[in-house]
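Structure file target.txt with compact mmCIF, C-alpha atoms:
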```
# COMPACT_ATOMS: atom_id res chain seq x y z
CA MET M 1263 70.69 -68.16 23.55
CA ALA M 1264 70.86 -66.69 27.04
CA PHE M 1265 67.70 -65.13 28.43
CA ASP M 1266 67.72 -61.34 28.21
CA SER M 1267 64.52 -59.57 29.29
CA LYS M 1268 65.71 -56.39 27.50
CA ASP M 1269 65.85 -58.07 24.07
CA THR M 1270 62.20 -57.28 23.35
CA ALA M 1271 62.42 -58.35 19.69
CA ALA M 1272 63.14 -61.95 20.73
CA PHE M 1273 59.78 -62.35 22.50
CA ARG M 1274 56.57 -63.33 20.76
CA GLY M 1275 53.18 -64.74 21.75
CA VAL M 1276 50.55 -64.35 24.47
CA TRP M 1277 50.55 -66.80 27.38
CA VAL M 1278 48.00 -67.50 30.08
CA PHE M 1279 48.93 -69.34 33.26
CA CYS M 1280 46.01 -71.76 33.66
CA GLU M 1281 45.64 -72.44 37.36
CA GLN M 1282 44.54 -75.88 38.50
CA ARG M 1283 43.56 -77.11 41.93
CA GLY M 1284 43.05 -80.79 42.57
CA GLY M 1285 43.34 -81.44 38.84
CA GLN M 1286 40.51 -79.03 38.01
CA ILE M 1287 41.16 -75.94 35.89
CA MET M 1288 39.93 -72.79 37.64
CA SER M 1289 37.28 -70.64 35.91
CA THR M 1290 39.60 -67.62 36.05
CA SER M 1291 41.78 -69.38 33.48
CA TYR M 1292 38.91 -69.48 30.98
CA GLN M 1293 38.31 -65.77 31.49
CA LEU M 1294 41.97 -64.98 30.86
CA LEU M 1295 42.11 -67.20 27.77
CA SER M 1296 39.08 -65.39 26.35
CA GLU M 1297 40.76 -62.04 26.89
CA GLY M 1298 44.13 -63.37 25.74
CA ARG M 1299 42.52 -64.48 22.48
CA LYS M 1300 41.63 -60.87 21.70
CA LEU M 1301 45.16 -59.68 22.47
CA ALA M 1302 46.73 -62.45 20.38
CA ASP M 1303 44.47 -61.62 17.44
CA ASP M 1304 45.37 -57.92 17.68
CA LEU M 1305 49.07 -58.81 17.68
CA GLY M 1306 48.80 -61.56 15.09
CA VAL M 1307 50.41 -64.18 17.37
CA ASP M 1308 49.48 -67.48 19.00
CA LEU M 1309 47.72 -67.80 22.34
CA CYS M 1310 49.23 -70.43 24.62
CA GLY M 1311 47.96 -71.85 27.88
CA VAL M 1312 50.41 -73.09 30.52
CA VAL M 1313 49.34 -75.85 32.91
CA LEU M 1314 51.46 -77.01 35.83
CA GLY M 1315 50.29 -80.18 37.54
CA SER M 1316 50.62 -83.93 37.88
CA GLY M 1317 48.53 -86.53 36.08
CA MET M 1318 46.17 -83.95 34.58
CA LYS M 1319 43.27 -85.46 32.64
CA ASN M 1320 43.61 -84.88 28.92
CA GLU M 1321 40.05 -83.57 28.52
CA TYR M 1322 40.74 -80.76 31.00
CA VAL M 1323 43.88 -79.74 29.14
CA THR M 1324 42.40 -79.87 25.62
CA ALA M 1325 39.34 -77.94 26.86
CA LEU M 1326 41.58 -74.88 27.03
CA GLY M 1327 41.51 -74.86 23.25
CA GLY M 1328 37.76 -74.40 23.42
CA TYR M 1329 38.33 -71.06 25.13
CA GLY M 1330 40.83 -69.78 22.59
CA ALA M 1331 44.21 -71.44 23.17
CA ASP M 1332 46.15 -72.45 20.04
CA ARG M 1333 48.66 -74.44 22.06
CA VAL M 1334 48.97 -75.72 25.62
CA PHE M 1335 52.27 -76.27 27.38
CA LEU M 1336 51.77 -79.03 29.96
CA CYS M 1337 54.37 -79.27 32.71
CA ASP M 1338 53.71 -82.63 34.35
CA HIS M 1339 55.67 -83.57 37.47
CA PRO M 1340 54.75 -85.12 40.84
CA MET M 1341 56.11 -82.06 42.66
CA LEU M 1342 53.67 -79.84 40.74
CA GLU M 1343 50.54 -81.67 41.87
CA ASP M 1344 49.85 -79.08 44.58
CA TYR M 1345 50.97 -75.48 44.51
CA THR M 1346 54.24 -74.57 46.18
CA THR M 1347 55.98 -71.27 45.49
CA ASP M 1348 59.43 -72.72 44.82
CA ALA M 1349 58.40 -75.52 42.44
CA TYR M 1350 55.92 -73.47 40.41
CA THR M 1351 58.27 -70.49 40.15
CA LYS M 1352 61.15 -72.62 38.89
CA ALA M 1353 59.04 -74.55 36.38
CA LEU M 1354 57.25 -71.51 34.97
CA CYS M 1355 60.38 -69.34 34.76
CA ALA M 1356 62.32 -72.13 33.01
CA LEU M 1357 59.56 -72.38 30.40
CA VAL M 1358 59.44 -68.61 29.89
CA GLU M 1359 63.22 -68.44 29.51
CA GLU M 1360 63.08 -71.16 26.84
CA LYS M 1361 60.03 -70.05 24.82
CA LYS M 1362 60.09 -66.24 25.39
CA PRO M 1363 56.47 -65.04 25.35
CA GLU M 1364 55.88 -61.29 25.04
CA ILE M 1365 52.83 -61.30 27.35
CA LEU M 1366 52.13 -63.47 30.40
CA LEU M 1367 48.75 -63.21 32.13
CA ILE M 1368 48.06 -64.70 35.57
CA GLY M 1369 44.82 -64.62 37.55
CA ALA M 1370 44.90 -62.44 40.68
CA THR M 1371 43.93 -65.37 42.89
CA SER M 1372 45.71 -66.29 46.12
CA ILE M 1373 48.04 -68.49 44.08
CA GLY M 1374 48.52 -65.97 41.28
CA ARG M 1375 49.31 -63.15 43.68
CA ASP M 1376 52.05 -65.28 45.23
CA LEU M 1377 53.45 -66.71 41.99
CA ALA M 1378 53.48 -63.65 39.69
CA PRO M 1379 55.82 -61.36 41.69
CA ARG M 1380 58.27 -64.22 42.27
CA CYS M 1381 58.43 -64.91 38.53
CA ALA M 1382 58.68 -61.22 37.60
CA ALA M 1383 61.61 -60.73 39.96
CA ARG M 1384 63.41 -63.81 38.69
CA LEU M 1385 62.83 -62.85 35.03
CA HIS M 1386 63.90 -59.24 35.66
CA THR M 1387 60.73 -57.77 34.21
CA GLY M 1388 57.79 -55.67 35.42
CA LEU M 1389 54.43 -56.73 36.83
CA THR M 1390 51.16 -54.82 36.94
CA ALA M 1391 48.87 -56.25 39.60
CA ASP M 1392 45.09 -56.55 39.86
CA CYS M 1393 44.26 -55.30 36.35
CA THR M 1394 40.69 -54.72 35.20
CA HIS M 1395 41.36 -53.94 31.51
CA LEU M 1396 43.96 -55.00 28.94
CA ASP M 1397 44.55 -53.73 25.44
CA VAL M 1398 47.19 -53.38 22.74
CA ASP M 1399 45.10 -51.66 20.08
CA VAL M 1400 45.33 -47.87 20.24
CA GLU M 1401 41.90 -47.12 18.78
CA LYS M 1402 40.19 -49.60 21.11
CA TYR M 1403 42.10 -48.07 24.01
CA LYS M 1404 40.93 -44.56 23.09
CA ALA M 1405 37.32 -45.75 22.97
CA PHE M 1406 37.74 -47.37 26.39
CA LEU M 1407 39.14 -44.14 27.88
CA ARG M 1408 36.29 -42.06 26.44
CA GLY M 1409 33.85 -44.11 28.46
CA THR M 1410 35.77 -44.32 31.73
CA SER M 1411 37.72 -41.09 32.24
CA ASN M 1412 37.88 -37.37 31.64
CA ILE M 1413 41.03 -37.56 29.49
CA ASP M 1414 40.98 -35.45 26.31
CA VAL M 1415 41.56 -38.52 24.16
CA ASP M 1416 41.54 -36.78 20.78
CA ASN M 1417 44.34 -34.40 21.80
CA THR M 1418 46.47 -36.97 23.62
CA LYS M 1419 49.35 -38.84 22.00
CA PHE M 1420 49.39 -42.63 22.30
CA GLU M 1421 52.32 -44.80 21.30
CA GLU M 1422 51.57 -46.97 18.25
CA ASN M 1423 53.31 -50.20 19.24
CA SER M 1424 52.65 -53.61 20.73
CA ASN M 1425 53.08 -52.57 24.35
CA LEU M 1426 50.40 -54.09 26.52
CA LYS M 1427 48.23 -51.41 28.11
CA MET M 1428 47.46 -52.69 31.61
CA THR M 1429 44.75 -50.70 33.40
CA ARG M 1430 44.04 -50.93 37.12
CA PRO M 1431 42.34 -48.82 39.81
CA ALA M 1432 44.67 -46.39 41.59
CA PHE M 1433 44.50 -43.88 44.44
CA GLY M 1434 41.71 -45.73 46.20
CA GLY M 1435 39.79 -46.28 42.99
CA HIS M 1436 39.43 -42.58 42.24
CA LEU M 1437 41.17 -42.96 38.90
CA MET M 1438 42.22 -45.68 36.48
CA ALA M 1439 45.96 -45.93 35.86
CA THR M 1440 47.25 -47.43 32.63
CA ILE M 1441 50.72 -48.93 32.84
CA ILE M 1442 53.09 -50.20 30.15
CA CYS M 1443 56.36 -52.14 30.32
CA PRO M 1444 58.18 -50.94 27.19
CA ARG M 1445 61.76 -52.04 27.94
CA PHE M 1446 61.38 -55.55 29.35
CA ARG M 1447 59.71 -58.81 28.41
CA PRO M 1448 57.56 -60.63 29.11
CA GLN M 1449 54.95 -58.03 29.97
CA MET M 1450 53.32 -59.53 33.05
CA SER M 1451 49.93 -58.81 34.56
CA THR M 1452 47.70 -60.32 37.19
CA VAL M 1453 44.03 -59.89 36.33
CA ARG M 1454 41.22 -59.58 38.82
CA PRO M 1455 38.86 -62.60 38.67
CA GLY M 1456 35.42 -61.83 37.29
CA VAL M 1457 36.26 -58.72 35.25
CA MET M 1458 36.83 -60.56 31.94
CA GLN M 1459 33.97 -62.26 30.13
CA THR M 1460 34.39 -65.95 29.25
CA GLN M 1461 33.74 -66.66 25.58
CA PRO M 1462 31.39 -69.53 24.62
CA PHE M 1463 33.11 -72.91 24.47
CA ASP M 1464 34.23 -73.89 20.96
CA GLU M 1465 34.29 -77.65 20.44
CA GLN M 1466 36.38 -77.33 17.27
CA GLY M 1467 38.98 -75.31 19.13
CA ALA M 1468 39.26 -78.06 21.75
CA GLN M 1469 39.83 -80.61 18.99
CA LYS M 1470 42.47 -78.55 17.16
CA VAL M 1471 44.55 -77.37 20.13
CA VAL M 1472 48.13 -78.63 20.21
CA VAL M 1473 49.27 -80.00 23.58
CA GLU M 1474 53.02 -80.03 24.15
CA THR M 1475 54.30 -81.89 27.20
CA VAL M 1476 57.30 -80.03 28.59
CA PRO M 1477 60.02 -81.85 30.55
CA VAL M 1478 60.40 -80.50 34.07
CA THR M 1479 63.56 -80.71 36.15
CA LEU M 1480 62.77 -80.55 39.86
CA ALA M 1481 64.44 -82.09 42.89
CA PRO M 1482 63.56 -82.07 46.61
CA GLU M 1483 66.40 -79.64 47.27
CA ASP M 1484 64.64 -77.09 45.03
CA LEU M 1485 61.95 -76.72 47.67
CA HIS M 1486 62.66 -74.61 50.72
CA VAL M 1487 59.31 -75.50 52.31
CA GLU M 1488 57.89 -78.98 52.72
CA LEU M 1489 54.16 -79.37 52.11
CA LEU M 1490 52.84 -81.69 54.82
CA GLU M 1491 49.07 -81.48 54.43
CA ILE M 1492 46.36 -79.48 52.68
CA LYS M 1493 43.31 -78.82 54.80
CA LYS M 1494 40.24 -77.34 53.19
CA ALA M 1495 38.06 -75.00 55.22
CA ALA M 1496 34.92 -76.62 56.54
CA LYS M 1497 32.76 -73.57 55.90
CA GLN M 1498 31.15 -73.08 52.54
CA MET M 1499 32.54 -70.06 50.71
CA VAL M 1500 30.06 -67.85 48.90
CA ASP M 1501 30.35 -67.83 45.09
CA LEU M 1502 29.79 -64.16 44.37
CA VAL M 1503 31.69 -64.13 41.09
CA GLY M 1504 29.63 -66.91 39.53
CA ALA M 1505 26.22 -65.88 40.92
CA ASP M 1506 23.35 -64.92 38.58
CA VAL M 1507 21.72 -62.78 41.27
CA VAL M 1508 23.45 -60.70 43.95
CA VAL M 1509 21.62 -58.71 46.64
CA THR M 1510 24.00 -56.28 48.35
CA VAL M 1511 23.56 -54.26 51.53
CA GLY M 1512 25.31 -50.98 52.22
CA ARG M 1513 25.63 -48.38 54.91
CA GLY M 1514 21.89 -47.67 54.63
CA ILE M 1515 21.12 -50.62 56.92
CA SER M 1516 22.79 -48.84 59.87
CA ALA M 1517 19.43 -48.00 61.50
CA ASP M 1518 18.86 -51.72 62.15
CA PRO M 1519 21.82 -53.72 60.79
CA GLU M 1520 20.62 -57.20 61.72
CA LYS M 1521 17.20 -56.62 60.20
CA GLY M 1522 18.77 -55.11 57.07
CA VAL M 1523 21.01 -58.11 56.50
CA ALA M 1524 18.11 -60.50 57.15
CA LEU M 1525 15.91 -58.68 54.62
CA ALA M 1526 18.64 -58.80 51.98
CA GLN M 1527 19.30 -62.49 52.65
CA ALA M 1528 15.58 -63.26 52.34
CA LEU M 1529 15.41 -61.39 49.04
CA ALA M 1530 18.48 -63.24 47.77
CA ASN M 1531 16.95 -66.58 48.80
CA THR M 1532 13.73 -65.74 46.95
CA LEU M 1533 15.67 -65.12 43.75
CA GLY M 1534 18.07 -68.03 44.23
CA GLY M 1535 20.93 -65.54 44.62
CA VAL M 1536 23.66 -64.71 47.11
CA LEU M 1537 24.21 -61.97 49.65
CA GLY M 1538 26.73 -59.24 48.92
CA ALA M 1539 27.96 -56.33 51.03
CA SER M 1540 29.76 -53.02 50.69
CA ARG M 1541 33.08 -52.49 52.44
CA ALA M 1542 31.45 -50.38 55.18
CA VAL M 1543 29.19 -53.29 56.15
CA VAL M 1544 32.07 -55.78 56.14
CA ASP M 1545 34.27 -53.45 58.19
CA GLU M 1546 31.52 -53.27 60.82
CA GLY M 1547 31.65 -57.06 61.09
CA LEU M 1548 28.03 -57.45 59.99
CA VAL M 1549 28.81 -59.68 56.98
CA PRO M 1550 31.89 -61.89 56.35
CA ALA M 1551 34.62 -60.52 54.09
CA ASP M 1552 34.03 -63.11 51.34
CA HIS M 1553 30.70 -61.36 50.63
CA GLN M 1554 32.34 -57.99 49.85
CA VAL M 1555 31.74 -56.46 46.42
CA GLY M 1556 33.98 -53.69 45.11
CA GLN M 1557 37.55 -52.70 44.37
CA THR M 1558 38.90 -54.30 47.53
CA GLY M 1559 36.38 -57.15 47.37
CA LYS M 1560 35.12 -59.16 44.42
CA THR M 1561 34.11 -58.07 40.94
CA VAL M 1562 30.73 -59.42 39.86
CA HIS M 1563 28.59 -59.16 36.75
CA PRO M 1564 25.37 -61.10 37.50
CA ARG M 1565 22.15 -60.94 35.51
CA ILE M 1566 20.50 -59.07 38.40
CA TYR M 1567 22.25 -56.91 40.98
CA ILE M 1568 20.10 -55.40 43.76
CA ALA M 1569 21.72 -52.69 45.89
CA LEU M 1570 19.97 -51.96 49.18
CA GLY M 1571 21.18 -48.82 50.92
CA VAL M 1572 24.36 -48.69 48.83
CA SER M 1573 25.43 -45.11 48.08
CA GLY M 1574 27.57 -46.06 45.10
CA ALA M 1575 31.10 -44.92 45.91
CA ILE M 1576 33.47 -45.37 42.97
CA GLN M 1577 35.28 -48.19 44.78
CA HIS M 1578 32.02 -50.14 44.96
CA LEU M 1579 30.94 -49.32 41.41
CA ALA M 1580 34.22 -50.74 40.11
CA GLY M 1581 33.08 -54.16 41.31
CA MET M 1582 29.50 -54.29 39.98
CA GLN M 1583 28.77 -51.70 37.30
CA ASP M 1584 28.96 -54.28 34.48
CA SER M 1585 25.97 -56.23 35.87
CA GLU M 1586 23.25 -56.80 33.27
CA CYS M 1587 20.43 -55.30 35.36
CA ILE M 1588 21.04 -53.09 38.40
CA ILE M 1589 18.18 -52.30 40.81
CA ALA M 1590 19.04 -49.66 43.41
CA VAL M 1591 17.08 -48.76 46.54
CA ASN M 1592 18.22 -45.67 48.45
CA LYS M 1593 16.58 -42.84 50.40
CA ASN M 1594 18.93 -40.29 48.85
CA PRO M 1595 17.73 -39.37 45.33
CA ASP M 1596 21.19 -37.99 44.55
CA ALA M 1597 23.06 -41.19 45.47
CA PRO M 1598 25.71 -42.05 42.81
CA ILE M 1599 24.34 -45.61 42.56
CA PHE M 1600 21.39 -44.24 40.57
CA GLU M 1601 23.75 -43.11 37.80
CA VAL M 1602 24.53 -46.73 36.88
CA ALA M 1603 21.19 -48.28 37.92
CA THR M 1604 18.83 -49.78 35.37
CA TYR M 1605 15.96 -49.20 37.80
CA GLY M 1606 16.09 -46.86 40.78
CA ILE M 1607 13.74 -46.76 43.76
CA VAL M 1608 13.94 -43.77 46.08
CA GLY M 1609 12.70 -45.08 49.41
CA ASP M 1610 13.43 -46.76 52.71
CA LEU M 1611 15.00 -50.16 52.11
CA PHE M 1612 13.31 -51.52 55.25
CA GLN M 1613 9.96 -50.89 53.56
CA VAL M 1614 10.91 -51.59 49.95
CA ALA M 1615 12.83 -54.87 50.42
CA PRO M 1616 9.93 -56.82 52.03
CA MET M 1617 7.52 -55.53 49.38
CA LEU M 1618 9.92 -56.50 46.62
CA ALA M 1619 10.45 -59.98 48.10
CA GLU M 1620 6.69 -60.55 48.46
CA ALA M 1621 5.99 -59.39 44.91
CA LEU M 1622 8.66 -61.72 43.58
CA ARG M 1623 7.38 -64.67 45.61
CA THR M 1624 3.89 -64.07 44.24
CA GLU M 1625 5.22 -63.84 40.69
CA ILE M 1626 7.27 -67.00 41.08
CA ALA M 1627 4.33 -68.91 42.61
CA ALA M 1628 2.07 -67.86 39.72
CA LYS M 1629 4.51 -69.42 37.24
```
Please express the file's structure as structure tokens.
Amino acid sequence: MAFDSKDTAAFRGVWVFCEQRGGQIMSTSYQLLSEGRKLADDLGVDLCGVVLGSGMKNEYVTALGGYGADRVFLCDHPMLEDYTTDAYTKALCALVEEKKPEILLIGATSIGRDLAPRCAARLHTGLTADCTHLDVDVEKYKAFLRGTSNIDVDNTKFEENSNLKMTRPAFGGHLMATIICPRFRPQMSTVRPGVMQTQPFDEQGAQKVVVETVPVTLAPEDLHVELLEIKKAAKQMVDLVGADVVVTVGRGISADPEKGVALAQALANTLGGVLGASRAVVDEGLVPADHQVGQTGKTVHPRIYIALGVSGAIQHLAGMQDSECIIAVNKNPDAPIFEVATYGIVGDLFQVAPMLAEALRTEIAAK
């Protein structure tokens, strides 16, 4: 049967593109599988992982079952060892055209942001980029809106169907837009890394998952760009998303920027954490861009998040408000950051940060 993206009834199942680099599955894939499991359960369908690579170790592939996958489609081909737009697009689209999933989730990584729009265009379907929430259950969606918007949920009509509700920040983060793709399939979404919680690994799931090796037809003429060499950056990139402790500096360090950054870094070192920054600090060139937290930076949910001189603009809150414990230090008692803070300290960060670091060092030494 020819592929027709408008024949919505012919599509079934939830798929997650499981990104690999150097044969290692990326953590974003586990987050998406965990979220995809919820969607598949709501729809009463299977959850499938899709892996494109070459010579992938079996334990890495079957591990996807431990995070919720019922089945894994493995596309194994030498030309898929490293990511190239042409090869990955052709292989993934061919699989979608054959199997017809109703939902396809891809991580909003550098690879995902390149691959997803190519596939959506070739499959003649829509794509919602950089999502922070997904749902298909109307009642769950209403509960979500009650906590995140001013919409009169009880007096608003919502369509009772299996359309995927894809929510993302819009208008500079000042509101959350929910988008559906009712007339085309698959419903495609890229999801921001770090916003979905990874479920605990299930050993039984890893043992029960079905791995199906899919034949791939690729030839050199399918590639319009030749990959000559992959060079990895020498500098060490900060792992904000996976950090247990993040200490972030904001515009409040402007009185003495270098000292403010140094104080935050010292506090982060004391707690074994990493340094974060608001967009204003990054734009001033005081901290590298890979340290940025917020809508246009990275989304984090550490055990402890310390905000030094961060006012709490909605764009920043979108990237850290799900942290387990938020400690805010700001001279302005009316700063929005205090609305989401677990503990708030009204004071000068240049005085509070050294005191906090010393108290923590003393506490740690006593243990």
From the list M:Gln1583, M:Thr1510, M:Thr1475, M:Thr1270, which residue is nearest Gly1311 in chain M when using all atoms listed in the file?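 Of M:Gln1583, M:Thr1510, M:Thr1475, M:Thr1270, the one nearest Gly1311 in chain M is M:Thr1475, counting all atoms listed in the file.
In terms of minimum interatomic distance to Lys1300 in chain M, M:Val1398 ranks closest within M:Ala1264, M:Glu1364, M:Val1398, M:Thr1387, counting all atoms listed in the file.
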Would you mind listing what lies within 10 Å of Val1457 in chain M as a list in words, with all atoms listed in the file counted and same-chain residues fewer than 4 positions away left out?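 Returned residues: Thr1290, Gln1293, Leu1294, Cys1393, Thr1394, His1395, Val1453, Val1503, Lys1560, Thr1561, Val1562, His1563, Ala1580, Gly1581, Met1582 and Asp1584 of chain M.
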Please, which residues are within 10 Å of (35.0, -78.5, 29.3) by the file's coordinates, counting all atoms listed in the file, and could they come as a PDB file with C-alpha atoms, keeping the file's coordinate frame?
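Below is the file selection-v6.pdb, written as the result:
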```pdb
ATOM      1  CA  ILE M1287      41.160 -75.940  35.890  1.00  0.00           C
ATOM      2  CA  TYR M1292      38.910 -69.480  30.980  1.00  0.00           C
ATOM      3  CA  GLU M1321      40.050 -83.570  28.520  1.00  0.00           C
ATOM      4  CA  TYR M1322      40.740 -80.760  31.000  1.00  0.00           C
ATOM      5  CA  VAL M1323      43.880 -79.740  29.140  1.00  0.00           C
ATOM      6  CA  THR M1324      42.400 -79.870  25.620  1.00  0.00           C
ATOM      7  CA  ALA M1325      39.340 -77.940  26.860  1.00  0.00           C
ATOM      8  CA  LEU M1326      41.580 -74.880  27.030  1.00  0.00           C
ATOM      9  CA  GLY M1327      41.510 -74.860  23.250  1.00  0.00           C
ATOM     10  CA  GLY M1328      37.760 -74.400  23.420  1.00  0.00           C
ATOM     11  CA  TYR M1329      38.330 -71.060  25.130  1.00  0.00           C
ATOM     12  CA  PHE M1463      33.110 -72.910  24.470  1.00  0.00           C
ATOM     13  CA  ASP M1464      34.230 -73.890  20.960  1.00  0.00           C
ATOM     14  CA  GLU M1465      34.290 -77.650  20.440  1.00  0.00           C
ATOM     15  CA  ALA M1468      39.260 -78.060  21.750  1.00  0.00           C
TER      16      ALA M1468
END
```
Neighbouring residues of Thr1390 in chain M were defined as those with any atom within 10 Å, considering only C-alpha atoms; residues of the same chain fewer than 2 positions away were excluded. Please report them as a PyMOL selection string. chain M and resi 1367+1378-1379+1382+1388+1392-1393+1427-1430+1440-1443+1449-1453
